[in-house]
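K.L.:
Below you will find the structure I want to go over with you.
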Amino acid sequence: MSVEAYLNKGIKEIISEFPEVEEILDEFEIGCGTCGEGLCLLKDIVDIHYMEEELEAELMARISNAIFPDKAVKFPKRKRKPKGPKEFNYSPPMKKMVDEHVLIKRWLALLPKVIENLDLETEEGLLLINKGIDFIRNFADKYHHAKEEDETFKYFDENFDMIKVIRNDHVKVRGHVKAMLQAIKNKDKKTLAENLLSYSQILPEHIKKEDEILYPWMDRKLTTNQIGQLYSKFNEIDLEYGDAPIKHRTFIEELEKKFC
Ligand SMILES: [Fe+2]
Ligand SMILES: [Fe+2]
């Protein structure tokens, strides 16, 4: 069987033919052996994990050694896209969270206009700001952060610095939201504007850290099995929230029409 044929073969089949491959994958923290499905092709596994080029070359050399012990056979080098600053190959659950960030970033882009047009006196003005805060609390925090804090982070050491930094940002944001709600009650436009501004300054950097450092790192650390678990959990969360995220998206679209 050719090298290419093995790249296009399901990993479970390869493992049953060459059990050593499971150990090699484990060493590289790719837990295909315990995956209930095992349908991924060898080439997809390499692609999903998007390891550093050298590490990937080492993994492929070990696998080819296990499959072709008597021959000096090399798997062809995978074509890599030239890595631009924002090009990441996210796993499906991480991609879901990155897509949610896109809507949050659209909200952040609207914030200068929202702040400029703050109106706590009319029904229309109050409706707008309350919907905005509802977006922050229920979409960006509850719905999105539930996936981060309650599901994804539990696979990692809570004391890991990067996770602490991200959690601290979430705490800071919640503090600003609390102050925003109080400011609305007090009809205090200045404090509301200040807190919206602080929020809008924390979030872009926070999202960048997650998109460009945290999620790619987590993707590298999670096993294929864990990624599968996470993805089905995310689908459950989406079901639980029903059409609430769609309503939030509609709110952003309406606001874009109003202000842009
Ligand atoms: Fe976050
Ligand atoms: Fe996030």
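The way I read the labels, and the way they are meant: chains A, B, ... in the order of the structure tokens, residue 1 as the first residue of every chain, and ligand 1 as the first ligand shown, with later ones counted on from there.
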Quick one: contact table of chain A to ligand 2, 10 Å max, nearest atom pair and distance in Å to one decimal per residue, counting only C-alpha atoms and all ligand atoms, chain and number order, as a tab-separated table?
P.N.:
residue	atom	partner	partner_atom_place_in_ligand_line	distance
A:Met94	CA	ligand 2	1 (Fe)	9.7
A:Met97	CA	ligand 2	1 (Fe)	6.4
A:Val98	CA	ligand 2	1 (Fe)	7.3
A:Asp99	CA	ligand 2	1 (Fe)	9.7
A:Glu100	CA	ligand 2	1 (Fe)	7.7
A:His101	CA	ligand 2	1 (Fe)	6.1
A:Val102	CA	ligand 2	1 (Fe)	9.9
A:Ile104	CA	ligand 2	1 (Fe)	8.9
A:Ala140	CA	ligand 2	1 (Fe)	7.6
A:Asp141	CA	ligand 2	1 (Fe)	8.6
A:His144	CA	ligand 2	1 (Fe)	6.4
A:His145	CA	ligand 2	1 (Fe)	6.3
A:Ala146	CA	ligand 2	1 (Fe)	9.6
A:Lys147	CA	ligand 2	1 (Fe)	8.6
A:Glu148	CA	ligand 2	1 (Fe)	6.7
A:Glu149	CA	ligand 2	1 (Fe)	9.4
A:Ile166	CA	ligand 2	1 (Fe)	8.7
A:His170	CA	ligand 2	1 (Fe)	9.1
A:Leu203	CA	ligand 2	1 (Fe)	8.8
A:His206	CA	ligand 2	1 (Fe)	7.4
A:Ile207	CA	ligand 2	1 (Fe)	5.7
A:Lys208	CA	ligand 2	1 (Fe)	9.0
A:Lys209	CA	ligand 2	1 (Fe)	9.0
A:Glu210	CA	ligand 2	1 (Fe)	6.2
A:Asp211	CA	ligand 2	1 (Fe)	7.9
A:Leu214	CA	ligand 2	1 (Fe)	9.7
A:Tyr215	CA	ligand 2	1 (Fe)	9.2
K.L.:
If you count only C-alpha atoms, which residues fall within 10 Å of A:Lys185, apart from same-chain ones fewer than 5 positions away, as a list of chain:residue names?
P.N.:
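These residues fall inside the cut-off: A:Leu120, A:Ala179, A:Met180.
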K.L.:
Could you give me, as number ranges by chain, the residues within 12 Å of A:Lys154, counting only C-alpha atoms and dropping anything in the same chain fewer than 3 positions from it?
P.N.:
A: 146-151, 157-160, 163, 218, 222, 226, 230
K.L.:
Next, write the just-selected residues to a file, as a compact mmCIF listing (two decimals), in the first residue's frame, keeping N, CA, C and O atoms as the atom set.
P.N.:
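Written file, result-v3.txt:
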# COMPACT_ATOMS: atom_id res chain seq x y z
N ALA A 146 -20.19 30.99 28.50
CA ALA A 146 -20.54 29.66 29.04
C ALA A 146 -19.71 28.60 28.30
O ALA A 146 -19.24 27.63 28.89
N LYS A 147 -19.52 28.83 26.99
CA LYS A 147 -18.73 27.87 26.22
C LYS A 147 -17.26 27.94 26.62
O LYS A 147 -16.57 26.93 26.68
N GLU A 148 -16.80 29.14 26.93
CA GLU A 148 -15.39 29.27 27.32
C GLU A 148 -15.19 28.75 28.74
O GLU A 148 -14.50 27.77 28.96
N GLU A 149 -15.81 29.43 29.70
CA GLU A 149 -15.50 29.13 31.11
C GLU A 149 -16.05 27.79 31.58
O GLU A 149 -15.36 27.04 32.24
N ASP A 150 -17.31 27.50 31.25
CA ASP A 150 -17.93 26.30 31.81
C ASP A 150 -17.54 25.03 31.06
O ASP A 150 -17.59 23.94 31.63
N GLU A 151 -17.18 25.15 29.80
CA GLU A 151 -16.90 23.94 29.02
C GLU A 151 -15.42 23.81 28.62
O GLU A 151 -14.78 22.84 28.95
N ASP A 157 -5.62 23.48 33.19
CA ASP A 157 -5.29 23.88 34.56
C ASP A 157 -5.73 25.33 34.78
O ASP A 157 -5.28 26.24 34.08
N GLU A 158 -6.59 25.50 35.77
CA GLU A 158 -7.14 26.83 36.07
C GLU A 158 -6.04 27.85 36.41
O GLU A 158 -6.24 29.04 36.29
N ASN A 159 -4.91 27.32 36.88
CA ASN A 159 -3.84 28.23 37.32
C ASN A 159 -2.90 28.63 36.19
O ASN A 159 -1.96 29.38 36.40
N PHE A 160 -3.19 28.12 35.01
CA PHE A 160 -2.36 28.49 33.87
C PHE A 160 -2.55 29.99 33.59
O PHE A 160 -3.67 30.49 33.55
N ILE A 163 -5.08 31.45 31.03
CA ILE A 163 -6.48 31.27 31.42
C ILE A 163 -6.85 32.27 32.52
O ILE A 163 -7.94 32.86 32.51
N MET A 218 -5.25 25.96 22.72
CA MET A 218 -6.15 24.93 23.23
C MET A 218 -6.36 23.84 22.19
O MET A 218 -6.37 22.66 22.51
N LEU A 222 -5.84 20.01 23.13
CA LEU A 222 -6.97 19.08 23.26
C LEU A 222 -6.78 17.87 22.35
O LEU A 222 -6.25 18.01 21.24
N GLN A 226 -11.50 14.92 22.82
CA GLN A 226 -11.99 16.05 23.63
C GLN A 226 -12.64 17.12 22.73
O GLN A 226 -13.64 17.71 23.10
N LEU A 230 -16.40 18.48 23.09
CA LEU A 230 -16.66 19.91 23.21
C LEU A 230 -17.67 20.36 22.15
O LEU A 230 -18.59 21.13 22.43
K.L.:
Each residue of stretch 150-180 of chain A lying at most 12 Å from stretch 132-135 of chain A should get a row with its shortest atom-to-atom pair and the distance in Å to one decimal, counting only C-alpha atoms; could you produce that, ordered by chain and increasing number, as a tab-separated table?
P.N.:
residue	atom	partner	partner_atom	distance
A:Val173	CA	A:Ile133	CA	11.5
A:Arg174	CA	A:Ile133	CA	10.9
A:His176	CA	A:Ile133	CA	10.6
A:Val177	CA	A:Ile133	CA	7.4
A:Lys178	CA	A:Ile133	CA	9.9
A:Ala179	CA	A:Ile133	CA	11.2
A:Met180	CA	A:Ile133	CA	8.1
K.L.:
I'd like the contact shell of stretch 3-5 of chain A - 12 Å cut-off, only C-alpha atoms, skipping same-chain residues fewer than 3 positions apart - returned as number ranges by chain.
P.N.:
A: 8-11, 14, 41-43, 60-61, 63-65, 67-68, 71-78
